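Note: the block below is run-v2.pdb and it holds PDB, C-alpha atoms.
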MODEL        1
ATOM      1  CA  MET A 162       0.000   0.000   0.000
ATOM      2  CA  THR A 163       1.387   3.412  -0.961
ATOM      3  CA  ASP A 164       1.984   5.865   1.876
ATOM      4  CA  ARG A 165       0.288   9.094   0.757
ATOM      5  CA  ARG A 166       0.919  11.100   3.903
ATOM      6  CA  THR A 167       2.041  14.686   3.382
ATOM      7  CA  PRO A 168       5.740  15.042   4.185
ATOM      8  CA  SER A 169       6.427  16.815   7.449
ATOM      9  CA  PRO A 170       7.551  20.442   7.138
ATOM     10  CA  PRO A 171      11.221  21.100   7.892
ATOM     11  CA  SER A 172      12.029  21.533  11.560
ATOM     12  CA  THR A 173      14.873  22.829  13.707
ATOM     13  CA  GLY A 174      14.296  19.938  16.084
ATOM     14  CA  GLY A 175      13.044  22.331  18.736
ATOM     15  CA  ARG A 176      15.926  24.812  18.597
ATOM     16  CA  LEU A 177      15.296  28.525  18.210
ATOM     17  CA  VAL A 178      17.496  29.649  15.329
ATOM     18  CA  TYR A 179      18.033  32.989  13.629
ATOM     19  CA  ALA A 180      19.967  33.406  10.371
ATOM     20  CA  VAL A 181      21.232  36.899   9.529
ATOM     21  CA  GLY A 182      21.699  37.895   5.898
ATOM     22  CA  ASP A 183      24.659  39.605   4.227
ATOM     23  CA  VAL A 184      25.673  42.720   6.212
ATOM     24  CA  HIS A 185      28.190  44.369   3.850
ATOM     25  CA  GLY A 186      29.462  46.984   6.263
ATOM     26  CA  TYR A 187      26.062  48.266   7.458
ATOM     27  CA  ALA A 188      26.963  48.143  11.128
ATOM     28  CA  GLY A 189      24.094  50.365  12.263
ATOM     29  CA  ALA A 190      21.483  48.121  10.673
ATOM     30  CA  LEU A 191      23.195  45.039  12.081
ATOM     31  CA  GLU A 192      23.201  46.527  15.581
ATOM     32  CA  ARG A 193      19.450  47.171  15.392
ATOM     33  CA  LEU A 194      18.712  43.731  13.964
ATOM     34  CA  LEU A 195      20.739  41.997  16.669
ATOM     35  CA  ALA A 196      18.896  44.004  19.334
ATOM     36  CA  ASP A 197      15.591  42.825  17.821
ATOM     37  CA  ILE A 198      16.839  39.235  17.834
ATOM     38  CA  VAL A 199      17.847  39.423  21.493
ATOM     39  CA  ARG A 200      14.477  40.895  22.489
ATOM     40  CA  ASP A 201      12.645  38.251  20.490
ATOM     41  CA  ALA A 202      14.691  35.446  22.017
ATOM     42  CA  GLU A 203      14.184  36.754  25.541
ATOM     43  CA  ALA A 204      10.431  36.891  24.972
ATOM     44  CA  SER A 205      10.445  33.350  23.531
ATOM     45  CA  ARG A 206      12.240  31.775  26.513
ATOM     46  CA  PRO A 207      13.626  28.762  24.621
ATOM     47  CA  ALA A 208      14.724  25.678  26.552
ATOM     48  CA  GLU A 209      18.208  25.915  25.008
ATOM     49  CA  ARG A 210      20.314  28.899  24.074
ATOM     50  CA  PRO A 211      19.161  30.294  20.729
ATOM     51  CA  VAL A 212      21.522  29.877  17.789
ATOM     52  CA  VAL A 213      22.303  32.944  15.685
ATOM     53  CA  VAL A 214      23.861  32.053  12.330
ATOM     54  CA  PHE A 215      25.492  34.787  10.256
ATOM     55  CA  VAL A 216      25.642  33.720   6.606
ATOM     56  CA  GLY A 217      28.732  35.825   5.870
ATOM     57  CA  ASP A 218      29.756  38.924   3.915
ATOM     58  CA  TYR A 219      30.254  41.246   6.890
ATOM     59  CA  VAL A 220      32.619  43.468   4.903
ATOM     60  CA  ASP A 221      32.840  45.516   1.669
ATOM     61  CA  ARG A 222      30.457  47.856  -0.130
ATOM     62  CA  GLY A 223      28.958  49.536   2.964
ATOM     63  CA  PRO A 224      30.357  52.335   5.131
ATOM     64  CA  ASP A 225      31.533  50.490   8.263
ATOM     65  CA  SER A 226      33.027  47.059   7.673
ATOM     66  CA  ARG A 227      35.229  47.386  10.747
ATOM     67  CA  GLY A 228      32.222  48.216  12.903
ATOM     68  CA  ALA A 229      30.296  45.253  11.508
ATOM     69  CA  MET A 230      33.204  42.948  12.341
ATOM     70  CA  ASP A 231      33.347  44.344  15.880
ATOM     71  CA  LEU A 232      29.618  43.736  16.353
ATOM     72  CA  VAL A 233      29.760  40.119  15.206
ATOM     73  CA  LEU A 234      32.810  39.459  17.377
ATOM     74  CA  ALA A 235      31.112  40.980  20.426
ATOM     75  CA  PHE A 236      27.926  39.050  19.760
ATOM     76  CA  ALA A 237      29.892  35.812  19.476
ATOM     77  CA  GLY A 238      31.164  36.456  23.000
ATOM     78  CA  ARG A 239      27.711  36.574  24.588
ATOM     79  CA  ALA A 240      26.823  33.831  27.050
ATOM     80  CA  ASP A 241      23.083  33.873  26.318
ATOM     81  CA  VAL A 242      23.331  32.910  22.621
ATOM     82  CA  GLU A 243      25.284  30.477  20.479
ATOM     83  CA  ALA A 244      26.733  32.438  17.567
ATOM     84  CA  ALA A 245      27.656  30.655  14.340
ATOM     85  CA  PRO A 246      29.345  33.118  11.967
ATOM     86  CA  LEU A 247      30.058  31.680   8.518
ATOM     87  CA  ARG A 248      32.612  32.743   5.918
ATOM     88  CA  GLY A 249      31.393  34.499   2.795
ATOM     89  CA  ASN A 250      33.237  35.167  -0.431
ATOM     90  CA  HIS A 251      34.007  38.713   0.714
ATOM     91  CA  GLU A 252      35.771  37.438   3.843
ATOM     92  CA  GLU A 253      37.724  35.032   1.654
ATOM     93  CA  ALA A 254      38.706  37.946  -0.611
ATOM     94  CA  MET A 255      39.748  40.083   2.345
ATOM     95  CA  LEU A 256      41.980  37.283   3.622
ATOM     96  CA  ARG A 257      43.462  36.872   0.173
ATOM     97  CA  PHE A 258      44.208  40.602   0.085
ATOM     98  CA  LEU A 259      46.049  40.254   3.394
ATOM     99  CA  ASP A 260      47.953  37.138   2.308
ATOM    100  CA  GLU A 261      48.723  37.787  -1.379
ATOM    101  CA  PRO A 262      50.303  41.112  -2.377
ATOM    102  CA  ALA A 263      49.572  40.494  -6.056
ATOM    103  CA  PHE A 264      45.834  40.401  -5.333
ATOM    104  CA  ALA A 265      45.787  43.971  -3.992
ATOM    105  CA  PRO A 266      44.810  45.834  -7.204
ATOM    106  CA  ALA A 267      41.989  43.398  -7.998
ATOM    107  CA  TRP A 268      40.501  43.575  -4.493
ATOM    108  CA  ILE A 269      40.738  47.350  -4.257
ATOM    109  CA  GLY A 270      39.261  47.794  -7.715
ATOM    110  CA  SER A 271      36.400  45.360  -7.142
ATOM    111  CA  TRP A 272      35.164  45.684  -3.556
ATOM    112  CA  GLY A 273      37.723  46.878  -1.083
ATOM    113  CA  ARG A 274      37.597  50.673  -1.194
ATOM    114  CA  GLU A 275      35.017  51.130   1.556
ATOM    115  CA  THR A 276      36.615  48.429   3.700
ATOM    116  CA  LEU A 277      39.992  50.158   3.493
ATOM    117  CA  LYS A 278      38.409  53.444   4.562
ATOM    118  CA  SER A 279      36.681  51.831   7.534
ATOM    119  CA  TYR A 280      40.102  50.770   8.845
ATOM    120  CA  GLY A 281      41.509  54.262   8.299
ATOM    121  CA  VAL A 282      43.358  53.558   5.040
ATOM    122  CA  ALA A 283      42.859  55.772   1.990
ATOM    123  CA  ALA A 284      41.855  53.829  -1.121
ATOM    124  CA  PRO A 285      44.381  54.257  -3.950
ATOM    125  CA  ASP A 286      43.886  54.088  -7.702
ATOM    126  CA  PRO A 287      43.681  50.332  -8.384
ATOM    127  CA  ASP A 288      45.798  50.822 -11.511
ATOM    128  CA  ASP A 289      48.685  52.138  -9.394
ATOM    129  CA  VAL A 290      50.364  48.901  -8.341
ATOM    130  CA  ARG A 291      52.835  50.565  -5.991
ATOM    131  CA  ALA A 292      50.110  52.583  -4.250
ATOM    132  CA  CYS A 293      48.030  49.409  -3.864
ATOM    133  CA  ALA A 294      50.958  47.625  -2.241
ATOM    134  CA  GLU A 295      51.452  50.508   0.169
ATOM    135  CA  ALA A 296      47.747  50.567   1.020
ATOM    136  CA  ARG A 297      47.830  46.827   1.635
ATOM    137  CA  ALA A 298      50.742  47.242   4.062
ATOM    138  CA  ARG A 299      48.903  49.994   5.955
ATOM    139  CA  PHE A 300      45.731  47.913   6.026
ATOM    140  CA  ALA A 301      47.586  44.856   7.319
ATOM    141  CA  ALA A 302      48.948  46.974  10.164
ATOM    142  CA  ALA A 303      45.521  48.417  10.938
ATOM    143  CA  VAL A 304      43.542  45.159  11.103
ATOM    144  CA  PRO A 305      43.382  43.966  14.741
ATOM    145  CA  ASP A 306      44.601  40.483  15.555
ATOM    146  CA  ALA A 307      41.094  39.670  16.782
ATOM    147  CA  HIS A 308      39.719  40.405  13.322
ATOM    148  CA  ARG A 309      42.347  38.242  11.624
ATOM    149  CA  GLY A 310      41.658  35.355  13.972
ATOM    150  CA  PHE A 311      37.935  35.745  13.443
ATOM    151  CA  LEU A 312      38.291  35.632   9.647
ATOM    152  CA  ARG A 313      40.552  32.585   9.678
ATOM    153  CA  GLY A 314      38.347  30.681  12.116
ATOM    154  CA  LEU A 315      35.014  31.100  10.337
ATOM    155  CA  GLU A 316      32.959  27.994   9.586
ATOM    156  CA  LEU A 317      31.804  27.257   6.046
ATOM    157  CA  SER A 318      28.496  25.631   6.997
ATOM    158  CA  ARG A 319      26.290  24.622   9.907
ATOM    159  CA  THR A 320      23.445  22.095  10.041
ATOM    160  CA  ILE A 321      20.603  22.359  12.555
ATOM    161  CA  GLY A 322      17.708  19.953  12.259
ATOM    162  CA  ASP A 323      16.389  19.983   8.711
ATOM    163  CA  TYR A 324      18.255  23.194   7.780
ATOM    164  CA  HIS A 325      21.739  23.604   6.305
ATOM    165  CA  PHE A 326      23.260  27.083   6.577
ATOM    166  CA  VAL A 327      25.880  28.283   4.080
ATOM    167  CA  HIS A 328      26.920  31.537   2.461
ATOM    168  CA  ALA A 329      26.218  31.043  -1.250
ATOM    169  CA  GLY A 330      24.626  27.620  -1.732
ATOM    170  CA  VAL A 331      25.495  24.026  -2.562
ATOM    171  CA  ARG A 332      26.409  22.097  -5.695
ATOM    172  CA  PRO A 333      23.459  19.934  -6.880
ATOM    173  CA  GLY A 334      24.249  16.233  -6.965
ATOM    174  CA  VAL A 335      27.006  16.525  -4.350
ATOM    175  CA  ALA A 336      26.429  15.365  -0.772
ATOM    176  CA  LEU A 337      26.297  18.213   1.730
ATOM    177  CA  ALA A 338      29.283  16.794   3.582
ATOM    178  CA  ALA A 339      31.329  16.715   0.353
ATOM    179  CA  GLN A 340      30.715  20.275  -0.866
ATOM    180  CA  SER A 341      33.760  22.269  -1.948
ATOM    181  CA  PRO A 342      34.630  25.448  -0.035
ATOM    182  CA  ARG A 343      34.495  27.425  -3.279
ATOM    183  CA  ASP A 344      30.928  26.340  -4.026
ATOM    184  CA  LEU A 345      29.807  27.066  -0.463
ATOM    185  CA  MET A 346      31.114  30.635  -0.795
ATOM    186  CA  TRP A 347      30.676  31.413  -4.509
ATOM    187  CA  ILE A 348      28.089  29.268  -6.313
ATOM    188  CA  ARG A 349      25.161  31.002  -8.000
ATOM    189  CA  HIS A 350      23.033  29.769 -10.903
ATOM    190  CA  ALA A 351      23.677  26.026 -10.709
ATOM    191  CA  PHE A 352      22.262  26.203  -7.176
ATOM    192  CA  LEU A 353      19.677  28.962  -7.571
ATOM    193  CA  ASP A 354      18.105  27.425 -10.690
ATOM    194  CA  CYS A 355      17.854  23.943  -9.192
ATOM    195  CA  ASP A 356      14.614  22.559  -7.733
ATOM    196  CA  ASP A 357      16.236  19.407  -6.330
ATOM    197  CA  ASP A 358      15.770  18.262  -2.775
ATOM    198  CA  PHE A 359      19.228  18.849  -1.256
ATOM    199  CA  GLY A 360      18.455  16.674   1.778
ATOM    200  CA  LYS A 361      18.104  19.782   3.942
ATOM    201  CA  VAL A 362      16.545  23.180   3.342
ATOM    202  CA  VAL A 363      19.510  25.392   2.488
ATOM    203  CA  VAL A 364      19.538  28.822   4.169
ATOM    204  CA  HIS A 365      21.891  31.168   2.343
ATOM    205  CA  GLY A 366      22.750  34.668   1.151
ATOM    206  CA  HIS A 367      25.241  35.849  -1.514
ATOM    207  CA  THR A 368      22.784  36.597  -4.345
ATOM    208  CA  PRO A 369      20.459  39.449  -3.333
ATOM    209  CA  ALA A 370      16.706  39.019  -3.434
ATOM    210  CA  PRO A 371      15.925  42.754  -3.497
ATOM    211  CA  GLY A 372      14.112  43.942  -0.399
ATOM    212  CA  ARG A 373      12.412  40.720   0.606
ATOM    213  CA  PRO A 374      13.647  37.204   1.384
ATOM    214  CA  GLU A 375      13.244  34.464  -1.201
ATOM    215  CA  VAL A 376      11.557  31.265  -0.038
ATOM    216  CA  LYS A 377      11.593  28.069  -2.090
ATOM    217  CA  ALA A 378      10.806  24.491  -1.125
ATOM    218  CA  ASN A 379      14.522  23.658  -1.035
ATOM    219  CA  ARG A 380      16.090  26.954   0.093
ATOM    220  CA  ILE A 381      15.646  30.286   1.871
ATOM    221  CA  ASN A 382      17.616  33.338   0.737
ATOM    222  CA  VAL A 383      18.091  35.942   3.487
ATOM    223  CA  ASP A 384      20.282  38.350   1.490
ATOM    224  CA  THR A 385      17.992  41.295   0.752
ATOM    225  CA  GLY A 386      20.721  43.516  -0.711
ATOM    226  CA  VAL A 387      21.135  45.970   2.161
ATOM    227  CA  TYR A 388      23.743  47.987   0.249
ATOM    228  CA  PHE A 389      21.222  48.977  -2.435
ATOM    229  CA  THR A 390      17.798  48.334  -0.838
ATOM    230  CA  GLY A 391      18.537  49.542   2.686
ATOM    231  CA  VAL A 392      16.938  46.367   4.121
ATOM    232  CA  LEU A 393      18.755  43.873   6.348
ATOM    233  CA  THR A 394      16.960  40.591   7.040
ATOM    234  CA  ALA A 395      17.056  37.603   9.369
ATOM    235  CA  VAL A 396      14.892  34.494   9.365
ATOM    236  CA  ARG A 397      13.580  33.126  12.656
ATOM    237  CA  LEU A 398      13.204  29.348  12.709
ATOM    238  CA  GLU A 399      11.754  27.414  15.625
ATOM    239  CA  GLY A 400      10.426  23.890  15.361
ATOM    240  CA  GLU A 401       8.378  23.860  12.166
ATOM    241  CA  THR A 402       7.679  27.610  12.178
ATOM    242  CA  ARG A 403       9.452  30.435  10.370
ATOM    243  CA  ARG A 404       9.098  34.184  10.122
ATOM    244  CA  PHE A 405      11.319  37.099   9.194
ATOM    245  CA  LEU A 406      12.787  40.090  11.012
ATOM    246  CA  GLN A 407      13.870  43.149   9.032
ATOM    247  CA  VAL A 408      15.390  46.557   9.767
ATOM    248  CA  ALA A 409      16.084  49.587   7.608
ATOM    249  CA  ALA A 410      19.669  50.727   7.140
TER     250      ALA A 410
ENDMDL
END
Written form, structure tokens:
Amino acid sequence: MTDRRTPSPPSTGGRLVYAVGDVHGYAGALERLLADIVRDAEASRPAERPVVVFVGDYVDRGPDSRGAMDLVLAFAGRADVEAAPLRGNHEEAMLRFLDEPAFAPAWIGSWGRETLKSYGVAAPDPDDVRACAEARARFAAAVPDAHRGFLRGLELSRTIGDYHFVHAGVRPGVALAAQSPRDLMWIRHAFLDCDDDFGKVVVHGHTPAPGRPEVKANRINVDTGVYFTGVLTAVRLEGETRRFLQVAA
């Protein structure tokens, strides 16, 4: 006899979980969103500490990358929450800028100008190789050790119940445990255009869904493009329920 029961909706297994979308240097919006999350969690009184997942991209594009990094670091030190900050492609690029002098012009020309400024370093002409090297040296001196350690220690993914949290997405046809770091941080259309069941509902950012989160059967996109929409988003997941929290930048 065929079992025609409706599949159960995805669940966190009872945990209260929040996933924060791409911040991109909007420290003020992040501060307000985190305050909303703390108030919501306190009102919910979960049996276990709530988990707050950050899907990455704390830096670049916005006005205060350093401030955003400080906020996530401070939040990770709280005793009343379990913070799970993930690495995005912009954190990977920032590390590459710190580690590879030859990458300096590309990073400065693509994304890094505002991040440099937030650490007190003037952004040079990306076509001036010598000026880029000098800016990189000043930046390396300005980045606190705590920020370097934070960047190097970031997770690439986290699974909670029926949800799998990553920055960009996953490669269809590849087991979640076997995903490549590059796909987890960089993948776009092969993941976004796929309707496959990935085994878990993938919660991600990376590709903006302008102004409002994108919800599919197999994924939830919490990147609402704060740097051009002015909207920063988090999803609240508890048991089989979900809802969204948003703040204006």
Exercise. Contacts of region 368-374 of chain A at 6 Å or less, counting all atoms listed in the file, minus same-chain residues fewer than 2 places along, as a PyMOL selection string?
Worked result: chain A and resi 366+382-386+390+392
Problem set entry | Chain and number of each residue from the PyMOL selection byres ((chain A and resi 291-300) around 8), as a PyMOL selection string | chain A and resi 258-259+262+265-266+269+277+280-287+289-290+301-304
For this session: Kindly give the distance, in Å, that separates CA of Gly334 (chain A) and CA of Thr402 (chain A), rounded to a single decimal.
Result: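 Distance between the two atoms: 27.8 Å.
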For this session: Would you kindly identify which residues have an atom no farther than 7 Å from (30.5, 32.1, 3.4), using all atoms listed in the file and the file's own coordinates, and write them out as a PyMOL selection string?
Result: chain A and resi 216-218+247-250+317+327-329+345-346
For this session: For each of A:Ser169, A:Ser205, A:Ser318, A:Ser279, take the minimum atom-to-atom distance to Gly223 (chain A), counting all atoms listed in the file, then give the residue where this is smallest.
Result: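 Among the listed residues, A:Ser279 lies closest to Gly223 (chain A).
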Exercise. Neighbours of Val199 (chain A) within 12 Å (all atoms listed in the file; same-chain residues fewer than 4 positions away dropped), as a list in words?
Worked result: Leu177, Val178, Tyr179, Glu192, Arg193, Leu194, Leu195, Glu203, Ala204, Ser205, Arg206, Pro207, Arg210, Pro211, Val212, Val213, Phe236, Arg239, Ala240, Asp241, Val242, Glu243, Ala244, Arg397 and Leu406 of chain A
For this session: Take the PyMOL selection byres ((chain A and resi 356) around 8), apply it to the structure above, and return the hits as a list in words.
Result: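 Going through the file, the PyMOL selection byres ((chain A and resi 356) around 8) ends up selecting Asp354, Cys355, Asp357, Asp358, Ala378 and Asn379 of chain A.
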Using all atoms of region 399-409 of chain A listed in the file and a margin of 5 Å per side, can you give the axis-aligned box centre and edge lengths in Å to one decimal, as JSON?
{"center_x": 11.9, "center_y": 36.7, "center_z": 11.6, "size_x": 18.4, "size_y": 35.7, "size_z": 18.0}
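Picture a line from CA of Leu353 (chain A) to CA of Arg380 (chain A); it runs 8.7 Å.
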Problem set entry | For Pro224 (chain A), the nearest of the candidates A:Phe264, A:Phe405, A:Phe352, A:Tyr388, counting all atoms listed in the file |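 Among the listed residues, the smallest separation from Pro224 (chain A) belongs to A:Tyr388.
Relative to CA of Gly182 (chain A), CA of Arg343 (chain A) is found at 18.9 Å.
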Problem set entry | Residue among A:Gly360, A:Arg200, A:Gly314, A:Val214 lying closest to Leu398 (chain A), counting all atoms listed in the file |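 Checking each of A:Gly360, A:Arg200, A:Gly314, A:Val214 against Leu398 (chain A), counting all atoms listed in the file, the winner is A:Val214.
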For this session: List the residues sitting within 6 Å of (28.4, 25.4, -2.8) in the file's frame, using only C-alpha atoms, as a list in words.
Result: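 Those residues lying close to the given coordinates are Gly330, Val331, Arg332, Gln340, Asp344, Leu345 and Ile348 of chain A.
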Problem set entry | Selection under test: the PyMOL selection byres ((chain A and resi 185) around 10); residues as a count of residues only | 26
Problem set entry | Closest of A:Glu399, A:Leu337, A:Trp347, A:Val362 to Ala202 (chain A) - atom-to-atom distances counting all atoms listed in the file |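 Looking at the shortest contact to Ala202 (chain A), the residue is A:Glu399.
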Exercise. Hey, which of A:Leu312, A:Ile321, A:Leu234, A:Ile381 ends up closest to Glu252 (chain A)? Count all atoms listed in the file.
Worked result: A:Leu312
Export of region 199-262 of chain A: C-alpha atoms, as an mmCIF file, in the first residue's frame:
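Contents of out_19.cif, freshly written:
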data_model
loop_
_atom_site.group_PDB
_atom_site.id
_atom_site.type_symbol
_atom_site.label_atom_id
_atom_site.label_comp_id
_atom_site.auth_asym_id
_atom_site.auth_seq_id
_atom_site.Cartn_x
_atom_site.Cartn_y
_atom_site.Cartn_z
ATOM 1 C CA VAL A 199 17.847 39.423 21.493
ATOM 2 C CA ARG A 200 14.477 40.895 22.489
ATOM 3 C CA ASP A 201 12.645 38.251 20.490
ATOM 4 C CA ALA A 202 14.691 35.446 22.017
ATOM 5 C CA GLU A 203 14.184 36.754 25.541
ATOM 6 C CA ALA A 204 10.431 36.891 24.972
ATOM 7 C CA SER A 205 10.445 33.350 23.531
ATOM 8 C CA ARG A 206 12.240 31.775 26.513
ATOM 9 C CA PRO A 207 13.626 28.762 24.621
ATOM 10 C CA ALA A 208 14.724 25.678 26.552
ATOM 11 C CA GLU A 209 18.208 25.915 25.008
ATOM 12 C CA ARG A 210 20.314 28.899 24.074
ATOM 13 C CA PRO A 211 19.161 30.294 20.729
ATOM 14 C CA VAL A 212 21.522 29.877 17.789
ATOM 15 C CA VAL A 213 22.303 32.944 15.685
ATOM 16 C CA VAL A 214 23.861 32.053 12.330
ATOM 17 C CA PHE A 215 25.492 34.787 10.256
ATOM 18 C CA VAL A 216 25.642 33.720 6.606
ATOM 19 C CA GLY A 217 28.732 35.825 5.870
ATOM 20 C CA ASP A 218 29.756 38.924 3.915
ATOM 21 C CA TYR A 219 30.254 41.246 6.890
ATOM 22 C CA VAL A 220 32.619 43.468 4.903
ATOM 23 C CA ASP A 221 32.840 45.516 1.669
ATOM 24 C CA ARG A 222 30.457 47.856 -0.130
ATOM 25 C CA GLY A 223 28.958 49.536 2.964
ATOM 26 C CA PRO A 224 30.357 52.335 5.131
ATOM 27 C CA ASP A 225 31.533 50.490 8.263
ATOM 28 C CA SER A 226 33.027 47.059 7.673
ATOM 29 C CA ARG A 227 35.229 47.386 10.747
ATOM 30 C CA GLY A 228 32.222 48.216 12.903
ATOM 31 C CA ALA A 229 30.296 45.253 11.508
ATOM 32 C CA MET A 230 33.204 42.948 12.341
ATOM 33 C CA ASP A 231 33.347 44.344 15.880
ATOM 34 C CA LEU A 232 29.618 43.736 16.353
ATOM 35 C CA VAL A 233 29.760 40.119 15.206
ATOM 36 C CA LEU A 234 32.810 39.459 17.377
ATOM 37 C CA ALA A 235 31.112 40.980 20.426
ATOM 38 C CA PHE A 236 27.926 39.050 19.760
ATOM 39 C CA ALA A 237 29.892 35.812 19.476
ATOM 40 C CA GLY A 238 31.164 36.456 23.000
ATOM 41 C CA ARG A 239 27.711 36.574 24.588
ATOM 42 C CA ALA A 240 26.823 33.831 27.050
ATOM 43 C CA ASP A 241 23.083 33.873 26.318
ATOM 44 C CA VAL A 242 23.331 32.910 22.621
ATOM 45 C CA GLU A 243 25.284 30.477 20.479
ATOM 46 C CA ALA A 244 26.733 32.438 17.567
ATOM 47 C CA ALA A 245 27.656 30.655 14.340
ATOM 48 C CA PRO A 246 29.345 33.118 11.967
ATOM 49 C CA LEU A 247 30.058 31.680 8.518
ATOM 50 C CA ARG A 248 32.612 32.743 5.918
ATOM 51 C CA GLY A 249 31.393 34.499 2.795
ATOM 52 C CA ASN A 250 33.237 35.167 -0.431
ATOM 53 C CA HIS A 251 34.007 38.713 0.714
ATOM 54 C CA GLU A 252 35.771 37.438 3.843
ATOM 55 C CA GLU A 253 37.724 35.032 1.654
ATOM 56 C CA ALA A 254 38.706 37.946 -0.611
ATOM 57 C CA MET A 255 39.748 40.083 2.345
ATOM 58 C CA LEU A 256 41.980 37.283 3.622
ATOM 59 C CA ARG A 257 43.462 36.872 0.173
ATOM 60 C CA PHE A 258 44.208 40.602 0.085
ATOM 61 C CA LEU A 259 46.049 40.254 3.394
ATOM 62 C CA ASP A 260 47.953 37.138 2.308
ATOM 63 C CA GLU A 261 48.723 37.787 -1.379
ATOM 64 C CA PRO A 262 50.303 41.112 -2.377
#
